Structures are given as C-alpha cells and as structure tokens.
$ cat protein_0.csv   # CSV, C-alpha atoms and all ligand atoms
chain,number,residue,atom,x,y,z
A,577,MET,CA,-15.2,8.4,13.6
A,578,GLU,CA,-16.1,11.1,11.1
A,579,ILE,CA,-16.3,10.9,7.3
A,580,VAL,CA,-14.0,13.5,5.9
A,581,VAL,CA,-14.0,12.7,2.2
A,582,SER,CA,-16.2,10.3,0.3
A,583,GLY,CA,-17.3,9.2,-3.1
A,584,GLU,CA,-19.4,6.5,-4.8
A,585,GLN,CA,-17.1,3.7,-3.8
A,586,TYR,CA,-14.9,5.0,-1.1
A,587,SER,CA,-14.7,7.0,2.1
A,588,VAL,CA,-11.9,8.5,4.2
A,589,GLU,CA,-12.7,8.4,7.9
A,590,TRP,CA,-11.0,10.3,10.7
A,591,ASP,CA,-10.8,9.2,14.3
A,592,ALA,CA,-9.5,12.1,16.3
A,593,PRO,CA,-8.9,10.4,19.7
A,594,THR,CA,-6.5,7.8,18.1
A,595,ARG,CA,-5.4,10.1,15.3
A,596,THR,CA,-6.3,7.5,12.7
A,597,ALA,CA,-7.2,8.1,9.1
A,598,ALA,CA,-8.9,5.1,7.5
A,599,LEU,CA,-9.2,4.7,3.8
A,600,LYS,CA,-12.1,2.4,2.8
A,601,GLY,CA,-13.6,0.8,-0.3
A,602,ILE,CA,-12.4,1.1,-3.8
A,603,LEU,CA,-10.2,3.9,-5.1
A,604,ARG,CA,-9.8,4.2,-8.8
A,605,LEU,CA,-9.8,7.9,-9.3
A,606,ASN,CA,-8.3,9.5,-12.4
A,607,GLY,CA,-4.9,11.0,-11.7
A,608,LEU,CA,-3.4,12.9,-8.8
A,609,GLU,CA,-5.8,15.8,-9.4
A,610,GLU,CA,-8.8,13.7,-8.4
A,611,TYR,CA,-6.9,12.4,-5.4
A,612,GLY,CA,-6.4,16.1,-4.3
A,613,PRO,CA,-9.1,16.2,-1.6
A,614,ILE,CA,-7.7,13.0,0.1
A,615,ALA,CA,-4.1,14.1,-0.3
A,616,ARG,CA,-4.9,17.5,1.3
A,617,PHE,CA,-6.8,15.9,4.2
A,618,LEU,CA,-3.9,13.5,4.9
A,619,SER,CA,-1.2,16.0,4.9
A,620,SER,CA,-3.1,18.5,7.1
A,621,ALA,CA,-4.5,15.9,9.6
A,622,VAL,CA,-1.6,15.8,12.0
A,623,PRO,CA,1.0,18.6,12.4
A,624,GLU,CA,3.1,16.6,14.8
A,625,GLY,CA,3.2,13.5,16.9
A,626,LYS,CA,1.6,10.1,16.2
A,627,MET,CA,-0.6,9.4,13.2
A,628,THR,CA,-2.0,6.1,11.9
A,629,LEU,CA,-3.0,5.4,8.4
A,630,ASP,CA,-5.4,2.4,8.3
A,631,VAL,CA,-5.9,0.8,4.9
A,632,ARG,CA,-7.2,-2.5,6.0
A,633,SER,CA,-10.6,-1.9,4.4
A,634,LEU,CA,-9.2,-0.5,1.2
A,635,GLU,CA,-9.9,-3.3,-1.2
A,636,PHE,CA,-8.5,-1.7,-4.4
A,637,LEU,CA,-6.1,1.2,-5.1
A,638,ASN,CA,-4.9,2.1,-8.6
A,639,SER,CA,-1.5,3.4,-9.4
A,640,SER,CA,-2.5,7.1,-9.0
A,641,GLY,CA,-3.6,6.2,-5.5
A,642,ILE,CA,-0.3,4.5,-4.9
A,643,ALA,CA,1.4,7.7,-6.1
A,644,MET,CA,-0.7,9.8,-3.8
A,645,LEU,CA,0.2,7.6,-0.7
A,646,SER,CA,3.9,7.6,-1.8
A,647,LYS,CA,4.0,11.4,-2.0
A,648,PHE,CA,2.3,11.6,1.4
A,649,VAL,CA,4.9,9.4,3.0
A,650,ILE,CA,7.7,11.4,1.4
A,651,GLU,CA,6.2,14.6,2.7
A,652,ILE,CA,5.9,13.1,6.3
A,653,ARG,CA,9.5,11.9,6.0
A,654,ASN,CA,10.7,15.3,5.0
A,655,ARG,CA,8.7,17.1,7.7
A,656,LYS,CA,10.3,15.0,10.5
A,657,THR,CA,7.6,15.9,13.0
A,658,VAL,CA,5.1,13.1,12.5
A,659,ASP,CA,5.5,9.5,13.7
A,660,LEU,CA,3.6,7.5,11.1
A,661,ASN,CA,2.1,4.1,11.4
A,662,VAL,CA,0.5,2.2,8.5
A,663,VAL,CA,-1.8,-0.7,9.1
A,664,GLY,CA,-2.7,-3.1,6.3
A,665,SER,CA,-4.3,-6.4,5.8
A,666,THR,CA,-2.9,-9.7,4.5
A,667,ALA,CA,-6.3,-10.5,3.1
A,668,ILE,CA,-6.1,-7.8,0.4
A,669,SER,CA,-4.0,-8.6,-2.5
A,670,TRP,CA,-2.6,-5.1,-3.5
A,671,GLN,CA,-1.4,-4.5,0.0
A,672,GLY,CA,0.9,-7.5,0.0
A,673,LYS,CA,2.3,-6.3,-3.3
A,674,SER,CA,2.6,-2.6,-3.0
A,675,LEU,CA,2.7,-1.4,0.6
A,676,ALA,CA,6.3,-2.4,1.1
A,677,ASN,CA,7.3,0.4,-1.2
A,678,LEU,CA,6.3,2.9,1.4
A,679,CYS,CA,8.9,1.5,3.8
A,680,LYS,CA,11.5,2.0,1.2
A,681,LEU,CA,10.6,5.6,0.9
A,682,MET,CA,10.6,6.1,4.7
A,683,PRO,CA,12.6,3.6,6.6
A,684,SER,CA,11.4,4.9,10.0
A,685,LEU,CA,7.8,4.2,9.0
A,686,LYS,CA,6.1,1.6,11.2
A,687,MET,CA,4.2,-0.9,9.0
A,688,GLU,CA,1.9,-3.5,10.4
A,689,ILE,CA,0.2,-6.0,8.1
A,690,ILE,CA,-2.3,-8.0,10.1
B,1409,MET,CA,7.2,-1.2,-40.0
B,1410,SER,CA,6.7,-2.0,-36.3
B,1411,ASP,CA,9.1,-1.0,-33.5
B,1412,MET,CA,9.3,-3.3,-30.6
B,1413,VAL,CA,10.5,-2.7,-27.1
B,1414,GLY,CA,10.9,-5.0,-24.1
B,1415,ARG,CA,9.7,-8.6,-24.2
B,1416,TYR,CA,7.1,-8.5,-27.0
B,1417,ARG,CA,5.9,-11.9,-28.3
B,1418,GLU,CA,4.7,-11.5,-31.9
B,1419,CYS,CA,2.6,-14.6,-32.0
B,1420,GLY,CA,2.1,-15.0,-28.3
B,1421,ALA,CA,-1.6,-14.3,-28.5
B,1422,ALA,CA,-2.6,-16.5,-31.4
B,1423,THR,CA,-4.9,-19.5,-30.9
B,1424,LYS,CA,-4.9,-20.0,-27.2
B,1425,GLU,CA,-7.8,-19.9,-24.8
B,1426,GLY,CA,-8.7,-16.3,-24.0
B,1427,LEU,CA,-11.1,-13.5,-23.7
B,1428,GLU,CA,-11.1,-10.2,-25.6
B,1429,LEU,CA,-13.0,-7.0,-24.9
B,1430,SER,CA,-13.1,-4.2,-27.4
B,1431,PHE,CA,-14.4,-0.7,-27.1
B,1432,SER,CA,-15.2,1.9,-29.8
B,1433,ALA,CA,-14.1,5.4,-29.4
B,1434,SER,CA,-16.9,7.2,-27.8
B,1435,SER,CA,-18.6,10.6,-27.8
B,1436,ILE,CA,-19.4,10.3,-24.1
B,1437,PRO,CA,-17.0,12.4,-21.9
B,1438,LEU,CA,-14.1,10.6,-20.3
B,1439,LYS,CA,-15.5,11.3,-16.8
B,1440,GLN,CA,-18.5,9.2,-17.6
B,1441,ARG,CA,-16.6,6.4,-19.3
B,1442,TRP,CA,-14.1,6.2,-16.5
B,1443,ARG,CA,-16.2,3.8,-14.3
B,1444,ASN,CA,-16.2,1.3,-17.2
B,1445,ASN,CA,-12.5,0.6,-16.6
B,1446,GLY,CA,-13.3,-0.7,-13.1
B,1447,LEU,CA,-16.3,-2.7,-14.3
B,1448,SER,CA,-14.2,-4.3,-17.1
B,1449,ALA,CA,-11.3,-5.0,-14.8
B,1450,ASP,CA,-13.5,-6.6,-12.2
B,1451,PHE,CA,-15.1,-8.7,-14.9
B,1452,LEU,CA,-11.8,-9.9,-16.3
B,1453,ALA,CA,-10.5,-10.7,-12.8
B,1454,ASP,CA,-13.6,-12.7,-11.9
B,1455,TYR,CA,-13.5,-14.5,-15.3
B,1456,VAL,CA,-9.9,-15.7,-14.6
B,1457,THR,CA,-10.9,-17.3,-11.3
B,1458,THR,CA,-12.7,-20.0,-13.2
B,1459,PHE,CA,-9.3,-21.3,-14.3
B,1460,PHE,CA,-8.0,-21.4,-10.7
B,1461,PRO,CA,-10.8,-23.2,-8.8
B,1462,ARG,CA,-10.9,-23.5,-5.1
B,1463,VAL,CA,-10.2,-26.9,-3.8
B,1464,GLU,CA,-12.2,-27.9,-0.8
B,1465,ASN,CA,-10.1,-28.2,2.4
B,1466,ASP,CA,-7.2,-26.6,0.7
B,1467,PRO,CA,-6.8,-23.0,2.0
B,1468,LYS,CA,-3.9,-22.5,-0.3
B,1469,SER,CA,-6.1,-22.8,-3.4
B,1470,LEU,CA,-8.3,-19.9,-2.2
B,1471,ALA,CA,-5.3,-17.8,-1.4
B,1472,ARG,CA,-3.9,-18.4,-4.8
B,1473,GLN,CA,-7.2,-17.6,-6.5
B,1474,GLN,CA,-7.4,-14.3,-4.6
B,1475,GLU,CA,-3.9,-13.4,-5.4
B,1476,ILE,CA,-4.4,-14.0,-9.1
B,1477,ARG,CA,-7.7,-12.2,-9.1
B,1478,GLY,CA,-6.1,-9.2,-7.4
B,1479,ALA,CA,-3.2,-9.1,-9.8
B,1480,VAL,CA,-5.5,-9.4,-12.9
B,1481,ASN,CA,-7.7,-6.7,-11.6
B,1482,TYR,CA,-4.9,-4.3,-10.9
B,1483,ILE,CA,-3.1,-4.9,-14.3
B,1484,ALA,CA,-6.3,-4.8,-16.4
B,1485,ASN,CA,-7.5,-1.7,-14.7
B,1486,GLU,CA,-4.1,0.1,-15.3
B,1487,LEU,CA,-4.1,-0.9,-19.0
B,1488,LEU,CA,-7.7,0.2,-19.5
B,1489,GLU,CA,-7.1,3.5,-17.7
B,1490,ASN,CA,-4.1,4.2,-20.0
B,1491,ALA,CA,-6.1,3.3,-23.1
B,1492,MET,CA,-8.9,5.7,-22.0
B,1493,LYS,CA,-6.5,8.5,-21.0
B,1494,TYR,CA,-4.1,8.4,-23.9
B,1495,SER,CA,-5.9,7.1,-27.0
B,1496,ASP,CA,-6.8,9.7,-29.4
B,1497,GLU,CA,-10.6,10.3,-29.5
B,1498,HIS,CA,-10.5,11.8,-33.0
B,1499,LEU,CA,-9.2,8.6,-34.4
B,1500,THR,CA,-12.1,6.3,-34.8
B,1501,GLN,CA,-10.0,3.3,-33.9
B,1502,PRO,CA,-11.1,0.7,-31.3
B,1503,ILE,CA,-9.4,0.0,-28.0
B,1504,SER,CA,-9.0,-3.7,-27.2
B,1505,ILE,CA,-7.8,-5.8,-24.3
B,1506,LYS,CA,-7.3,-9.5,-24.5
B,1507,LEU,CA,-6.4,-12.1,-21.8
B,1508,VAL,CA,-4.7,-15.2,-23.0
B,1509,MET,CA,-4.6,-18.1,-20.5
B,1510,GLU,CA,-1.5,-20.3,-20.5
B,1511,ALA,CA,-0.4,-23.2,-18.3
B,1512,ASP,CA,1.8,-21.1,-16.0
B,1513,SER,CA,1.1,-17.5,-17.1
B,1514,ILE,CA,-1.5,-15.0,-18.1
B,1515,LEU,CA,-0.8,-12.7,-21.1
B,1516,PHE,CA,-2.5,-9.3,-21.4
B,1517,VAL,CA,-2.6,-7.6,-24.8
B,1518,GLU,CA,-3.9,-4.1,-24.9
B,1519,SER,CA,-4.0,-2.0,-28.0
B,1520,ASN,CA,-5.1,1.6,-28.9
B,1521,ALA,CA,-4.4,4.3,-31.4
B,1522,THR,CA,-2.8,7.6,-30.4
B,1523,ASN,CA,-1.3,10.6,-32.1
B,1524,ALA,CA,2.3,10.3,-33.2
B,1525,ALA,CA,3.7,12.8,-30.7
B,1526,ARG,CA,2.1,10.8,-27.8
B,1527,GLY,CA,3.2,7.5,-29.3
B,1528,ARG,CA,6.8,8.6,-29.6
B,1529,ALA,CA,6.8,10.0,-26.0
B,1530,PHE,CA,5.4,6.6,-24.9
B,1531,GLN,CA,8.1,4.8,-26.8
B,1532,ALA,CA,10.8,6.9,-25.2
B,1533,PHE,CA,9.3,6.2,-21.7
B,1534,VAL,CA,9.1,2.5,-22.2
B,1535,THR,CA,12.5,2.3,-23.6
B,1536,GLU,CA,13.8,3.9,-20.4
B,1537,LEU,CA,11.6,1.5,-18.4
B,1538,ALA,CA,12.8,-1.6,-20.2
B,1539,THR,CA,16.5,-0.7,-19.5
B,1540,SER,CA,16.3,0.7,-15.9
B,1541,ASP,CA,16.1,-0.7,-12.5
B,1542,PRO,CA,12.3,-0.4,-11.8
B,1543,THR,CA,12.9,0.3,-8.1
B,1544,GLU,CA,15.0,3.3,-8.9
B,1545,LEU,CA,12.6,4.5,-11.6
B,1546,TYR,CA,9.7,4.3,-9.0
B,1547,VAL,CA,11.4,7.0,-6.9
B,1548,THR,CA,12.5,9.0,-10.0
B,1549,GLN,CA,8.9,9.1,-11.3
B,1550,LEU,CA,7.6,10.3,-7.9
B,1551,GLU,CA,10.0,13.2,-7.9
B,1552,ARG,CA,9.5,14.0,-11.6
B,1553,GLY,CA,7.2,16.9,-12.4
B,1554,VAL,CA,3.7,15.7,-13.2
B,1555,GLU,CA,3.4,16.7,-16.8
B,1556,THR,CA,0.5,14.5,-17.8
B,1557,GLY,CA,-1.6,14.6,-14.6
B,1558,GLY,CA,-0.7,11.0,-14.3
B,1559,SER,CA,1.6,9.5,-11.7
B,1560,GLY,CA,3.8,7.5,-14.0
B,1561,LEU,CA,3.7,4.5,-11.7
B,1562,GLY,CA,1.2,2.2,-13.6
B,1563,LEU,CA,3.6,0.3,-15.7
B,1564,ILE,CA,6.4,0.4,-13.2
B,1565,THR,CA,4.3,-1.1,-10.4
B,1566,MET,CA,3.4,-4.0,-12.8
B,1567,VAL,CA,7.1,-4.8,-13.0
B,1568,ASN,CA,8.1,-3.9,-9.5
B,1569,ASP,CA,5.2,-5.2,-7.4
B,1570,TYR,CA,3.8,-8.0,-9.6
B,1571,GLY,CA,6.9,-9.3,-11.3
B,1572,ALA,CA,5.3,-8.9,-14.7
B,1573,GLN,CA,7.3,-8.8,-18.0
B,1574,LEU,CA,6.3,-6.0,-20.3
B,1575,GLY,CA,6.7,-5.5,-24.1
B,1576,TRP,CA,5.4,-3.0,-26.6
B,1577,LYS,CA,4.8,-2.7,-30.3
B,1578,PHE,CA,4.5,0.7,-32.1
B,1579,ASP,CA,2.9,0.8,-35.6
B,1580,ASP,CA,2.7,3.9,-37.7
B,1581,LEU,CA,-0.8,4.3,-39.1
B,1582,GLY,CA,0.0,7.3,-41.3
B,1583,ASP,CA,-1.6,10.7,-41.0
B,1584,GLY,CA,0.1,11.5,-37.7
B,1585,ALA,CA,-1.4,8.4,-35.9
B,1586,MET,CA,0.1,5.4,-34.3
B,1587,ARG,CA,-1.1,2.1,-32.9
B,1588,VAL,CA,0.4,1.2,-29.6
B,1589,THR,CA,0.2,-2.3,-28.2
B,1590,THR,CA,1.2,-3.3,-24.7
B,1591,GLN,CA,1.8,-6.8,-23.6
B,1592,VAL,CA,2.0,-7.9,-19.9
B,1593,LEU,CA,3.1,-11.4,-19.1
B,1594,LEU,CA,2.2,-12.4,-15.6
B,1595,GLU,CA,3.7,-15.7,-14.3
B,1596,ILE,CA,1.4,-17.5,-11.9
C,1,LIG,N1,-2.0,3.1,-24.0
C,1,LIG,C1,-1.2,4.1,-24.1
C,1,LIG,N2,-1.2,4.9,-25.2
C,1,LIG,C2,-0.4,6.0,-25.3
C,1,LIG,N3,0.5,6.4,-24.3
C,1,LIG,C3,0.5,5.6,-23.2
C,1,LIG,C4,-0.3,4.5,-23.0
C,1,LIG,N4,0.0,3.9,-21.8
C,1,LIG,C5,0.9,4.7,-21.3
C,1,LIG,N5,1.3,5.7,-22.1
C,1,LIG,C6,2.3,6.8,-21.8
C,1,LIG,O1,3.2,6.2,-20.8
C,1,LIG,C7,3.2,7.0,-19.6
C,1,LIG,C8,3.3,6.1,-18.4
C,1,LIG,O2,2.1,5.3,-18.2
C,1,LIG,P1,1.8,4.8,-16.7
C,1,LIG,O3,3.0,4.1,-16.2
C,1,LIG,O4,0.5,4.1,-16.7
C,1,LIG,O5,1.6,6.2,-15.8
C,1,LIG,P2,0.4,7.3,-15.9
C,1,LIG,O6,-0.8,6.7,-16.5
C,1,LIG,O7,0.2,7.5,-14.4
C,1,LIG,O8,0.9,8.5,-16.6
C,1,LIG,C9,1.9,7.8,-19.7
C,1,LIG,O9,2.1,9.0,-19.0
C,1,LIG,C10,1.7,8.0,-21.2
C,1,LIG,O10,2.5,9.1,-21.6
C,2,MG,MG,-1.4,4.7,-16.1
$ encode --input "protein_0.csv" --output "structure tokens"
Amino acid sequence: MEIVVSGEQYSVEWDAPTRTAALKGILRLNGLEEYGPIARFLSSAVPEGKMTLDVRSLEFLNSSGIAMLSKFVIEIRNRKTVDLNVVGSTAISWQGKSLANLCKLMPSLKMEII
Amino acid sequence: MSDMVGRYRECGAATKEGLELSFSASSIPLKQRWRNNGLSADFLADYVTTFFPRVENDPKSLARQQEIRGAVNYIANELLENAMKYSDEHLTQPISIKLVMEADSILFVESNATNAARGRAFQAFVTELATSDPTELYVTQLERGVETGGSGLGLITMVNDYGAQLGWKFDDLGDGAMRVTTQVLLEI
C-alpha cells in the first residue's frame, strides 16, 4: 500500500498487487480543478484488466467529488478495457445515497456495498 | 418584487425551533475560508442529532440518527460551498444559513447576495432543475462543459439522492445586485 495523493483530511492509497485504489478520509475540495491530482491518478492507474476502487473509508464526499468519480466511471466505460469494481460501506451515509448513480452510468460496473 | 421558483415557502422559516449561522463578507481569500464550510456543516449536522436521540437497545434509532446527520452534513456543506463560491465579495452583504426543525422535516434556508448576471444565470438553471427529471439532468450536467469550474451536481444530488424539495427566491437589490435564497426541505 502506497500513498499516491494526500491532503489535510484525506489520502489516496494504491495497492499494486490487488490493483486497488482506496480513497480515505474527508473530501471537500473546491471544484473539479482541485480534484485534478486524484482524477489523473485514477484514470492512469490501470490501462487494462481488473481495477478496484475502495471507498469504504471515505467518510465524506462533496458534489465535486461525486462529479469526479462519475466522470472517471464514464471514462472507464468508454475505454472498454478496464473491469471496474467499486467497494463501499453501508455504515457511511453518502455511499448509500449516491454510489448507485455510478451503476446507472456504467451498467457493467460491479458494486459491492458491505 | 421577488421571483420564486420551485417549492418556496414564504413563511416556512418563521417562529419554529431552529439555528442560524451568519457570516460577513470577508477579506480573507476563498482558499483560506473554504475549510469553514466543512466546520459549519459538521457543526450543524451534530447539532441536529440532539433532536434524534439514540434509544438504548434500539439499533434503528442509531441508524436513523446517522442517516439524518449525514444528510444534513451533505446538504449544509453544499449550500455553504455555493454561498462562498458565488456570492459577490464586493457586496458587503452577509451570508446566512438557517435550519428549522419540524416534526417530520428539516428546512434549510440559505441566503446570499450576488451580482445580477450570476443571479439571473442561477435563476435560469434552477428553473430548468425545477422542471426536469433530475436523473436525466445529472447525466446532462456531467457531459456539459464545465464553465464555472463547478460540477453542477450539488443541487441535483440533493433532489436525486436525498429526495429533498428545493425552492428559490430572487430579490433585486438594485445597483446590479441580487439576493438569492435557497430553501431545501428534507423529509425525515
Ligand atoms: N448561492 C448561490 N448564489 C449564486 N449562484 C448560485 C448559488 N448556488 C448555486 N448557484 C448557481 O447554480 C449553479 C449550480 O449549483 P450547484 O448545483 O451547487 O453546482 P456547482 O456548485 O458545482 O456549480 C452554480 O454553478 C451557480 O451558477
Ligand atoms: Mg455547488
């Protein structure tokens, strides 16, 4: 596990063996521009094959962050080379409310909320 | 003359139990003030939990408290981010956010001043929001060019994901300024 992007209240960690990117903490960045480093990491992490996005420890995500994840999922859908899994948690309120939107954007996405 | 869009309740916020925070326009750069949005949203969300106490041996009461806390935190944070991003710093007009507790709902009322051009663009956007299918608009907004640096999903997710009812009031302040008030009704 290696920290690839981090800020005062959040980190993005990458686990190469399992091809898992984990978003952790609280993300309330101002606009898509501030999400740039995270967005660029996610879209370059895996050129093809399996990838897991783990948000179980992401306690808070604002709407700009939701837009960043939505755009990432659209990009993966359009590329057609990456098999994306998203793992969320029932214990975190925003995930129950907003994660399902990602499945609407990419019906082949595998979503697991545990 | 006020213009109203959506479900705006003119006397909804009157004498009921509630909490109001108000901020003055500030000379501190936005980047430094940004973290206050999160602090205020966390505070409002914690405050509300008092009204939904945990009942011992009832796990449902805890789940409900956490759900309401999360929803209040998300909505308050979005309203405060918008107020910070889009209010006009040259107008020395305060920003306010108020929570009104009701038996089966929480009403948020956020108000700020902005310039007339932004105010009119906002009015056009919310008129579209009030009359479209929010699920479709979610996808449209993602594909739309990002003119403002924003994502355009804040208000839409309140409707789409949290089932909130939104309303707006636009007041002309003269001298090219407008006061915009956003109400969010969250049923609980
Ligand atoms: N408080 C406000 N004052 C003025 N304009 C606003 C306000 N809130 C929202 N707007 C306008 O409405 C648009 C949509 O807001 P929102 O859904 O929160 O998306 P975003 O903040 O990502 O742009 C904003 O881009 C802005 O033009
Ligand atoms: Mg916003």
$ residues_near_point --input "protein_0.csv" --point "(-12.7, 11.9, 2.0)" --cutoff "12 Å" --atoms "only C-alpha atoms" --output "short mmCIF file (atom, residue, chain, number, x, y, z; two decimals) with C-alpha atoms, in the frame of the given file"
data_model
loop_
_atom_site.label_atom_id
_atom_site.label_comp_id
_atom_site.auth_asym_id
_atom_site.auth_seq_id
_atom_site.Cartn_x
_atom_site.Cartn_y
_atom_site.Cartn_z
CA GLU A 578 -16.10 11.10 11.10
CA ILE A 579 -16.30 10.90 7.30
CA VAL A 580 -14.00 13.50 5.90
CA VAL A 581 -14.00 12.70 2.20
CA SER A 582 -16.20 10.30 0.30
CA GLY A 583 -17.30 9.20 -3.10
CA GLU A 584 -19.40 6.50 -4.80
CA GLN A 585 -17.10 3.70 -3.80
CA TYR A 586 -14.90 5.00 -1.10
CA SER A 587 -14.70 7.00 2.10
CA VAL A 588 -11.90 8.50 4.20
CA GLU A 589 -12.70 8.40 7.90
CA TRP A 590 -11.00 10.30 10.70
CA ALA A 597 -7.20 8.10 9.10
CA ALA A 598 -8.90 5.10 7.50
CA LEU A 599 -9.20 4.70 3.80
CA LYS A 600 -12.10 2.40 2.80
CA GLY A 601 -13.60 0.80 -0.30
CA LEU A 603 -10.20 3.90 -5.10
CA GLU A 610 -8.80 13.70 -8.40
CA TYR A 611 -6.90 12.40 -5.40
CA GLY A 612 -6.40 16.10 -4.30
CA PRO A 613 -9.10 16.20 -1.60
CA ILE A 614 -7.70 13.00 0.10
CA ALA A 615 -4.10 14.10 -0.30
CA ARG A 616 -4.90 17.50 1.30
CA PHE A 617 -6.80 15.90 4.20
CA LEU A 618 -3.90 13.50 4.90
CA ALA A 621 -4.50 15.90 9.60
#
$ atom_distance --input "protein_0.csv" --atom1 "atom CA of Thr1535 of chain B" --atom2 "atom CA of Trp670 of chain A"
26.2 Å
$ closest_residue --input "protein_0.csv" --among "A:Ile602, A:Asn638, A:Asp630, A:Lys647" --to "ligand MG 2 (chain C)" --atoms "all atoms listed in the file"
A:Asn638
$ residues_near_ligand --input "protein_0.csv" --ligand "ligand MG 2 (chain C)" --cutoff "9 Å" --atoms "all atoms listed in the file" --output "number ranges by chain"
A: 607, 638-640; B: 1485-1491, 1493, 1558-1563
$ write_last_selection --input "protein_0.csv" --atoms "C-alpha atoms" --output "mmCIF file, keeping the file's coordinate frame"
data_model
loop_
_atom_site.group_PDB
_atom_site.id
_atom_site.type_symbol
_atom_site.label_atom_id
_atom_site.label_comp_id
_atom_site.auth_asym_id
_atom_site.auth_seq_id
_atom_site.Cartn_x
_atom_site.Cartn_y
_atom_site.Cartn_z
ATOM 1 C CA GLY A 607 -4.900 11.000 -11.700
ATOM 2 C CA ASN A 638 -4.900 2.100 -8.600
ATOM 3 C CA SER A 639 -1.500 3.400 -9.400
ATOM 4 C CA SER A 640 -2.500 7.100 -9.000
ATOM 5 C CA ASN B 1485 -7.500 -1.700 -14.700
ATOM 6 C CA GLU B 1486 -4.100 0.100 -15.300
ATOM 7 C CA LEU B 1487 -4.100 -0.900 -19.000
ATOM 8 C CA LEU B 1488 -7.700 0.200 -19.500
ATOM 9 C CA GLU B 1489 -7.100 3.500 -17.700
ATOM 10 C CA ASN B 1490 -4.100 4.200 -20.000
ATOM 11 C CA ALA B 1491 -6.100 3.300 -23.100
ATOM 12 C CA LYS B 1493 -6.500 8.500 -21.000
ATOM 13 C CA GLY B 1558 -0.700 11.000 -14.300
ATOM 14 C CA SER B 1559 1.600 9.500 -11.700
ATOM 15 C CA GLY B 1560 3.800 7.500 -14.000
ATOM 16 C CA LEU B 1561 3.700 4.500 -11.700
ATOM 17 C CA GLY B 1562 1.200 2.200 -13.600
ATOM 18 C CA LEU B 1563 3.600 0.300 -15.700
#
$ closest_atom_pairs --input "protein_0.csv" --of "chain B" --to "ligand LIG 1 (chain C)" --cutoff "9 Å" --atoms "all atoms listed in the file" --output "JSON lines"
{"residue": "B:Glu1486", "atom": "CA", "partner": "C:LIG1", "partner_atom": "O4", "distance": 6.3}
{"residue": "B:Leu1487", "atom": "CA", "partner": "C:LIG1", "partner_atom": "N1", "distance": 6.7}
{"residue": "B:Leu1488", "atom": "CA", "partner": "C:LIG1", "partner_atom": "N1", "distance": 7.8}
{"residue": "B:Glu1489", "atom": "CA", "partner": "C:LIG1", "partner_atom": "O6", "distance": 7.2}
{"residue": "B:Asn1490", "atom": "CA", "partner": "C:LIG1", "partner_atom": "N4", "distance": 4.5}
{"residue": "B:Ala1491", "atom": "CA", "partner": "C:LIG1", "partner_atom": "N1", "distance": 4.2}
{"residue": "B:Met1492", "atom": "CA", "partner": "C:LIG1", "partner_atom": "N1", "distance": 7.6}
{"residue": "B:Lys1493", "atom": "CA", "partner": "C:LIG1", "partner_atom": "O6", "distance": 7.5}
{"residue": "B:Tyr1494", "atom": "CA", "partner": "C:LIG1", "partner_atom": "C2", "distance": 4.6}
{"residue": "B:Ser1495", "atom": "CA", "partner": "C:LIG1", "partner_atom": "N2", "distance": 5.5}
{"residue": "B:Asp1496", "atom": "CA", "partner": "C:LIG1", "partner_atom": "C2", "distance": 8.5}
{"residue": "B:Ile1503", "atom": "CA", "partner": "C:LIG1", "partner_atom": "N1", "distance": 9.0}
{"residue": "B:Glu1518", "atom": "CA", "partner": "C:LIG1", "partner_atom": "N1", "distance": 7.5}
{"residue": "B:Ser1519", "atom": "CA", "partner": "C:LIG1", "partner_atom": "N1", "distance": 6.8}
{"residue": "B:Asn1520", "atom": "CA", "partner": "C:LIG1", "partner_atom": "N1", "distance": 6.0}
{"residue": "B:Ala1521", "atom": "CA", "partner": "C:LIG1", "partner_atom": "N2", "distance": 7.0}
{"residue": "B:Thr1522", "atom": "CA", "partner": "C:LIG1", "partner_atom": "C2", "distance": 5.9}
{"residue": "B:Asn1523", "atom": "CA", "partner": "C:LIG1", "partner_atom": "C2", "distance": 8.3}
{"residue": "B:Arg1526", "atom": "CA", "partner": "C:LIG1", "partner_atom": "N3", "distance": 5.8}
{"residue": "B:Gly1527", "atom": "CA", "partner": "C:LIG1", "partner_atom": "C2", "distance": 5.6}
{"residue": "B:Arg1528", "atom": "CA", "partner": "C:LIG1", "partner_atom": "N3", "distance": 8.5}
{"residue": "B:Ala1529", "atom": "CA", "partner": "C:LIG1", "partner_atom": "O10", "distance": 6.2}
{"residue": "B:Phe1530", "atom": "CA", "partner": "C:LIG1", "partner_atom": "C6", "distance": 4.4}
{"residue": "B:Gln1531", "atom": "CA", "partner": "C:LIG1", "partner_atom": "O1", "distance": 7.9}
{"residue": "B:Ala1532", "atom": "CA", "partner": "C:LIG1", "partner_atom": "O1", "distance": 8.8}
{"residue": "B:Phe1533", "atom": "CA", "partner": "C:LIG1", "partner_atom": "O1", "distance": 6.2}
{"residue": "B:Val1534", "atom": "CA", "partner": "C:LIG1", "partner_atom": "O1", "distance": 7.1}
{"residue": "B:Val1554", "atom": "CA", "partner": "C:LIG1", "partner_atom": "O8", "distance": 8.4}
{"residue": "B:Glu1555", "atom": "CA", "partner": "C:LIG1", "partner_atom": "O9", "distance": 8.1}
{"residue": "B:Thr1556", "atom": "CA", "partner": "C:LIG1", "partner_atom": "O9", "distance": 5.9}
{"residue": "B:Gly1557", "atom": "CA", "partner": "C:LIG1", "partner_atom": "O8", "distance": 6.9}
{"residue": "B:Gly1558", "atom": "CA", "partner": "C:LIG1", "partner_atom": "O7", "distance": 3.6}
{"residue": "B:Ser1559", "atom": "CA", "partner": "C:LIG1", "partner_atom": "O7", "distance": 3.6}
{"residue": "B:Gly1560", "atom": "CA", "partner": "C:LIG1", "partner_atom": "O5", "distance": 3.1}
{"residue": "B:Leu1561", "atom": "CA", "partner": "C:LIG1", "partner_atom": "O3", "distance": 4.6}
{"residue": "B:Gly1562", "atom": "CA", "partner": "C:LIG1", "partner_atom": "O3", "distance": 3.7}
{"residue": "B:Leu1563", "atom": "CA", "partner": "C:LIG1", "partner_atom": "O3", "distance": 3.9}
{"residue": "B:Ile1564", "atom": "CA", "partner": "C:LIG1", "partner_atom": "O3", "distance": 5.9}
{"residue": "B:Thr1565", "atom": "CA", "partner": "C:LIG1", "partner_atom": "O3", "distance": 7.9}
{"residue": "B:Met1566", "atom": "CA", "partner": "C:LIG1", "partner_atom": "O3", "distance": 8.8}
{"residue": "B:Arg1587", "atom": "CA", "partner": "C:LIG1", "partner_atom": "N2", "distance": 8.2}
{"residue": "B:Val1588", "atom": "CA", "partner": "C:LIG1", "partner_atom": "N2", "distance": 6.0}
{"residue": "B:Thr1589", "atom": "CA", "partner": "C:LIG1", "partner_atom": "N1", "distance": 7.2}
{"residue": "B:Thr1590", "atom": "CA", "partner": "C:LIG1", "partner_atom": "N1", "distance": 7.2}
$ closest_residue --input "protein_0.csv" --among "A:Gly625, A:Leu681, A:Ser665, A:Val631" --to "Phe648 of chain A" --atoms "only C-alpha atoms"
A:Leu681
$ interface_residues --input "protein_0.csv" --of "chain A" --to "chain B" --cutoff "10 Å" --atoms "all atoms listed in the file" --output "MDAnalysis selection string"
chainID A and resid 602:610 635:644 646:647 650 667:677 680:681
